[in-house]
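Trainee: Before we start, here is the structure in question, set down as structure tokens.
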Amino acid sequence: MSTSGPEPVRHHTLSVLVENQPGVLQRVANLFSRRGYNIYSLAVAPTDDEKFSRITIVVDVESSPLEQITKQLFKLINVVKISELAPHESVERELLLATVRAEPGIRSQVIELVQLFEGRIVDVGRDVVTVMLAGTPQKIDDFEELLRPYGIEELQRTGRVALPKLDRQAPRLRSVSGKVG
Amino acid sequence: MHMNGGQALIKSLELEGVEVMFGLPGGAILPVYDPIIDSPIRHILVRHEQGAGHMAEGYAHATGRPGVCMVTSGPAATNVVTPLCDAYMDSIPLVCITGQVPLASIGSDAFQECDTTGITMSVTKHNYLVTSAQDIPRIVREAFHIATTGRPGPVLIDVPKDIVDPKNPRSAMDWYWPETLDLPGYKPNTKGHPRMIKEAAKMILAAERPVIYAGGGILKARAAEVLRALAELTGIHVVTTLMARGAFPDRHPLCLGMPGMHGNYTAITAMQEADLLIALGSRFDDRVTGKVDGFAPDAKIIHVDIDPAELGKVRRPDVPIVGDCRLVIEEIVRAVNDLGTDAQPDQGPWKSRISGWQEKYPLTYDQTFDDGGPLKPQYVIEQLRDSTPDDTIVVSGVGQHQMWTSQYWRFDHPYTWVNSGGLGTMGFAVPAAIGAKVGRPDKMVWAVDGDGCFQMTAQELVTASSERIPIKVAILNNAYLGMVRQWQEMFYEERYSEVYLSPDLPDYVKWAEAMGCVGMRVESPEEVQPAIDKANSIDDRPVVIDFRTDSSEKVYPMVAAGLTNSQVTVDPSQGEGGR
């Protein structure tokens, strides 16, 4: 998964607001498989309005044009709104949990790595630790790469969630733009 | 007012204006069948659930109103999957109600349980699993609204038994009828963008070789009249796709007929040579475009469709317009009138090329009247066409007979052609004809069917006999799965694998009679006319004619799969064809 250097954008993030009804996720997943679109990751969570949920889907835009994917998705009756989040116009985060070999002799190295990445140790066993890291997908990739030599026993990533980057020219932010730089 | 869920369901259908429904009862849907006895809705009892679905489709095709079918759970629900998919592909408004095991049993592999909403998710515009009797009126209203607006399509309502069974407390509900709908994610855009409409009008007036590419959406939008106004105002020729036959009258001098894989040479070639295609309610189906890369290479595209996802799906339009075909065409006509047609380029050279193709490559076949010469299927269709009223509704199955009927019939009125285009469902004709006749009892309804197709759904003629629905069926019996045979002859070196059906087994006349129909057999060209006349005179029961036609007859013209529309194979008697 690890990538380095600039490359053409193959992933695109769709933030999909859906009615909070049974089977909605199945409809979305079903549409992707039926039309031959590839999903890289998918995350679902309730929104502040209990009538709606938000599905964040990272799609492979090489499998099909993004425009066609969003149009087909929007035909689902329960899909209320779709926002396209291009990587350079959005804030993306992902969470990783991993259980890593950490025998007493090398445990300190693992802890150092976690600290370097500003992650956390969330559980400790006799020979293993479970670590947690939230960050950009790129950072998570790098972390995973560096953990691997120690021996990963189990690993779980959430798939990314994203929101649009705030437009600094927007009136409500203009007053603070000086501070933000 | 207190009511049970079953009563509420039937009452909701009544309030939606349902006059007839097609179905077959069973365990899970039993409680909904009880109130039908007291309802003014006519229920037609089918012999197989697939028949119920196709009848509802035929009804919708012929009337423009949503077709309604109702079946039980499990195997009945899986039996309607084919009609649902057919309706989804051809954008037919349909509401299908299925029974389901009680809520508490869902997921337990109960008797006749299946995951109906899961199975039908990809073949319906939307579907519902009802979980409370109180939701029934709202869901029925939403279902009809979704099925009939925007791009029409099938909607399924899965109804667990306990919420409709009066013996179960879960079925209790307080009656209401929702005045408004709350569908935040469903707001079809019907009005075209004014700037795009103006752009389209300019492009139309600047084109030297324009063609209107009219699809089934014209019929769905009730836009046949305004299409004619646009064609006559601008003098632009019209091709009508398989789903749009009748949307523009075949007798009109601007009508070029059907394009596509088995379209006529002129319709195919005019599109191919055009400098502007005005696609109205059509979707650039692969059977129309041939190899997409080589399709209409010089044409700019104006694409009007109610479904935004169709714009750019296959071919990127120069002017995309999302909207209802009727409203958008009305606006285009207005815009063209505003700009005036004075500056339109001279279409004379283009029109003379078109008439040249028409003269050189008309549809053709060769019927001999010598003793023992085989009966040609096209001859049967022409005789049938010429001895029936010109507003006769013609229904077909799928295959060679379908292509010949579309080619040789003369469709002068909208809603007189009913067939399965997108899904290509063999066996569609008999049940769809029954549905069409139920919807339009004032019209003569002829099904033109193949022998292979007929055997798939013929049992519905029992339904037609017992319900006194006098449809007429012409079987073009060539003893083969003819279209498959044609491909094996042309592309598999005449290696005929599993396509022979026998002309005599079954005996179609006896079979028809056993189902309460009048059965006839025709073996020579001389017998064709008398048999049709006799069939036309019978109006109290269905009629089936077994026409024994030439097995080796092939459908021409043909654009073979994978080729571009510049590579048309015409009838061998017309030479090499092409240009």
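Residues in the structure tokens are named by chain (A, B, ... in the order shown) and by number from 1 within that chain; ligands are numbered from 1 in the order shown.
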Counting only C-alpha atoms, which residues from chain B have an atom at most 6 Å from any atom of chain A, and could you show them as a short mmCIF file (atom, residue, chain, number, x, y, z; two decimals) with N, CA and C atoms, in the first residue's frame?
Mentor:
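New file result09.cif:
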```cif
data_model
loop_
_atom_site.label_atom_id
_atom_site.label_comp_id
_atom_site.auth_asym_id
_atom_site.auth_seq_id
_atom_site.Cartn_x
_atom_site.Cartn_y
_atom_site.Cartn_z
N PRO B 184 -36.19 13.15 0.85
CA PRO B 184 -35.17 14.18 0.67
C PRO B 184 -34.14 13.84 -0.41
N GLY B 185 -33.98 12.54 -0.71
CA GLY B 185 -32.96 12.15 -1.70
C GLY B 185 -33.53 11.91 -3.08
N TYR B 186 -34.81 12.27 -3.31
CA TYR B 186 -35.42 11.98 -4.60
C TYR B 186 -36.15 13.19 -5.13
N ALA B 309 -27.47 10.18 -15.17
CA ALA B 309 -26.41 9.18 -15.32
C ALA B 309 -26.28 8.68 -16.76
#
```
Trainee: DSSP on the backbone: what in range 23-62 of chain B comes out helix (DSSP H, G or I), as an MDAnalysis selection string?
Mentor: chainID B and resid 27:33 35:38 49:62
Trainee: Keeping only N, CA and C atoms, take the residues you just selected and write them out as an mmCIF file, in the first residue's frame.
Mentor:
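Dumped to result.cif:
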```cif
data_model
loop_
_atom_site.group_PDB
_atom_site.id
_atom_site.type_symbol
_atom_site.label_atom_id
_atom_site.label_comp_id
_atom_site.auth_asym_id
_atom_site.auth_seq_id
_atom_site.Cartn_x
_atom_site.Cartn_y
_atom_site.Cartn_z
ATOM 1 N N GLY B 27 -49.008 -18.699 0.961
ATOM 2 C CA GLY B 27 -49.037 -18.625 2.422
ATOM 3 C C GLY B 27 -48.837 -17.239 3.001
ATOM 4 N N ALA B 28 -47.725 -16.610 2.684
ATOM 5 C CA ALA B 28 -47.367 -15.371 3.379
ATOM 6 C C ALA B 28 -48.248 -14.191 2.988
ATOM 7 N N ILE B 29 -48.811 -14.230 1.761
ATOM 8 C CA ILE B 29 -49.580 -13.071 1.290
ATOM 9 C C ILE B 29 -51.088 -13.280 1.508
ATOM 10 N N LEU B 30 -51.466 -14.465 2.056
ATOM 11 C CA LEU B 30 -52.890 -14.791 2.280
ATOM 12 C C LEU B 30 -53.713 -13.667 2.896
ATOM 13 N N PRO B 31 -53.234 -13.034 3.975
ATOM 14 C CA PRO B 31 -54.081 -12.015 4.606
ATOM 15 C C PRO B 31 -54.394 -10.831 3.685
ATOM 16 N N VAL B 32 -53.538 -10.562 2.700
ATOM 17 C CA VAL B 32 -53.809 -9.441 1.795
ATOM 18 C C VAL B 32 -54.819 -9.864 0.722
ATOM 19 N N TYR B 33 -54.884 -11.154 0.455
ATOM 20 C CA TYR B 33 -55.857 -11.615 -0.537
ATOM 21 C C TYR B 33 -57.284 -11.581 -0.004
ATOM 22 N N PRO B 35 -59.007 -9.177 1.824
ATOM 23 C CA PRO B 35 -59.768 -7.950 1.512
ATOM 24 C C PRO B 35 -59.986 -7.708 0.013
ATOM 25 N N ILE B 36 -59.267 -8.442 -0.862
ATOM 26 C CA ILE B 36 -59.479 -8.256 -2.307
ATOM 27 C C ILE B 36 -60.917 -8.617 -2.690
ATOM 28 N N ILE B 37 -61.489 -9.574 -1.959
ATOM 29 C CA ILE B 37 -62.868 -9.989 -2.253
ATOM 30 C C ILE B 37 -63.818 -8.796 -2.167
ATOM 31 N N ASP B 38 -63.555 -7.877 -1.232
ATOM 32 C CA ASP B 38 -64.455 -6.739 -1.023
ATOM 33 C C ASP B 38 -64.010 -5.488 -1.780
ATOM 34 N N GLU B 49 -45.908 -16.869 -11.532
ATOM 35 C CA GLU B 49 -45.676 -15.489 -11.088
ATOM 36 C C GLU B 49 -44.951 -14.645 -12.133
ATOM 37 N N GLN B 50 -44.093 -15.271 -12.943
ATOM 38 C CA GLN B 50 -43.427 -14.495 -13.992
ATOM 39 C C GLN B 50 -44.472 -13.857 -14.903
ATOM 40 N N GLY B 51 -45.562 -14.632 -15.146
ATOM 41 C CA GLY B 51 -46.655 -14.112 -15.966
ATOM 42 C C GLY B 51 -47.264 -12.859 -15.365
ATOM 43 N N ALA B 52 -47.414 -12.849 -14.036
ATOM 44 C CA ALA B 52 -47.998 -11.672 -13.374
ATOM 45 C C ALA B 52 -47.147 -10.435 -13.634
ATOM 46 N N GLY B 53 -45.837 -10.608 -13.526
ATOM 47 C CA GLY B 53 -44.934 -9.478 -13.736
ATOM 48 C C GLY B 53 -44.991 -8.959 -15.162
ATOM 49 N N HIS B 54 -44.939 -9.870 -16.140
ATOM 50 C CA HIS B 54 -44.957 -9.414 -17.536
ATOM 51 C C HIS B 54 -46.323 -8.841 -17.915
ATOM 52 N N MET B 55 -47.397 -9.380 -17.346
ATOM 53 C CA MET B 55 -48.725 -8.793 -17.606
ATOM 54 C C MET B 55 -48.773 -7.360 -17.099
ATOM 55 N N ALA B 56 -48.244 -7.161 -15.895
ATOM 56 C CA ALA B 56 -48.216 -5.800 -15.343
ATOM 57 C C ALA B 56 -47.391 -4.880 -16.253
ATOM 58 N N GLU B 57 -46.310 -5.409 -16.824
ATOM 59 C CA GLU B 57 -45.497 -4.613 -17.755
ATOM 60 C C GLU B 57 -46.276 -4.277 -19.028
ATOM 61 N N GLY B 58 -46.955 -5.294 -19.584
ATOM 62 C CA GLY B 58 -47.728 -5.073 -20.809
ATOM 63 C C GLY B 58 -48.809 -4.033 -20.582
ATOM 64 N N TYR B 59 -49.431 -4.119 -19.404
ATOM 65 C CA TYR B 59 -50.464 -3.157 -19.019
ATOM 66 C C TYR B 59 -49.875 -1.742 -18.977
ATOM 67 N N ALA B 60 -48.707 -1.633 -18.353
ATOM 68 C CA ALA B 60 -48.069 -0.322 -18.224
ATOM 69 C C ALA B 60 -47.635 0.226 -19.589
ATOM 70 N N HIS B 61 -47.060 -0.639 -20.429
ATOM 71 C CA HIS B 61 -46.665 -0.228 -21.779
ATOM 72 C C HIS B 61 -47.848 0.375 -22.533
ATOM 73 N N ALA B 62 -48.988 -0.330 -22.466
ATOM 74 C CA ALA B 62 -50.122 0.044 -23.307
ATOM 75 C C ALA B 62 -50.902 1.235 -22.761
#
```
Trainee: What's the 8 Å shell around range 315-331 of chain B, counting only C-alpha atoms, without same-chain residues fewer than 2 positions away, as number ranges by chain?
Mentor: B: 150, 189-193, 196-197, 199-200, 217-218, 221-223, 226-227, 230, 280-281, 284, 292, 300-308, 311-313, 333-335
Trainee: Can you tell me which residues surround Ser63 in chain A at a distance of at most 8 Å, considering only C-alpha atoms, apart from same-chain residues fewer than 2 positions away, and format the answer as JSON, numbers by chain?
Mentor: {"A": [36, 37, 38, 60, 61, 65]}
Trainee: Of the residues B:Gly23, B:Pro414, B:Gly340, B:Pro557, which is the one nearest to Val394 in chain B, using only C-alpha atoms?
Mentor: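 With only C-alpha atoms as the atom set, the closest residue is B:Pro414.
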Trainee: Write out as an NGL selection string which residues come within 8 Å of Val58 in chain A when counting only C-alpha atoms, dropping same-chain ones fewer than 2 positions away.
Mentor: :A and (11-14 or 39-42 or 56 or 60 or 160)
Trainee: For the residues in the current selection, export C-alpha atoms as an mmCIF file, in the first residue's frame.
Mentor:
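Produced file out-v1.cif, reproduced below:
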```
data_model
loop_
_atom_site.group_PDB
_atom_site.id
_atom_site.type_symbol
_atom_site.label_atom_id
_atom_site.label_comp_id
_atom_site.auth_asym_id
_atom_site.auth_seq_id
_atom_site.Cartn_x
_atom_site.Cartn_y
_atom_site.Cartn_z
ATOM 1 C CA HIS A 11 -8.289 7.551 -5.352
ATOM 2 C CA HIS A 12 -11.099 9.941 -4.828
ATOM 3 C CA THR A 13 -13.099 10.386 -1.676
ATOM 4 C CA LEU A 14 -16.882 10.669 -1.758
ATOM 5 C CA ILE A 39 -13.976 0.603 -3.394
ATOM 6 C CA TYR A 40 -10.683 1.168 -1.559
ATOM 7 C CA SER A 41 -12.241 1.837 1.774
ATOM 8 C CA LEU A 42 -15.551 2.644 3.307
ATOM 9 C CA THR A 56 -17.157 8.050 3.356
ATOM 10 C CA ASP A 60 -10.769 3.868 -7.525
ATOM 11 C CA ARG A 160 -10.437 7.070 5.807
#
```
Trainee: Pick out the residues sitting within 12 Å of Val114 in chain A, and hand them over as a VMD selection string; count only C-alpha atoms, and ignore anything fewer than 2 positions along from it in its own chain.
Mentor: chain A and resid 96 to 98 100 107 to 112 116 to 122 129 to 134 140 142 to 144 146 to 147
Trainee: Do you know which residues are at most 12 Å from Ser90 in chain A counting only C-alpha atoms, after dropping those on the same chain fewer than 2 positions away, and could you put them as a PyMOL selection string?
Mentor: chain A and resi 12-15+83-88+92-93+136+160-167
Trainee: I need the strand (DSSP E) residues of range 76-147 of chain A per DSSP on the backbone, written as a count of residues only.
Mentor: 32
Trainee: Nearest residue to Ala229 in chain B out of B:Ala429, B:Ala512, B:Val155, B:Ile332, using only C-alpha atoms?
Mentor: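 Checking each of B:Ala429, B:Ala512, B:Val155, B:Ile332 against Ala229 in chain B, counting only C-alpha atoms, the winner is B:Ile332.
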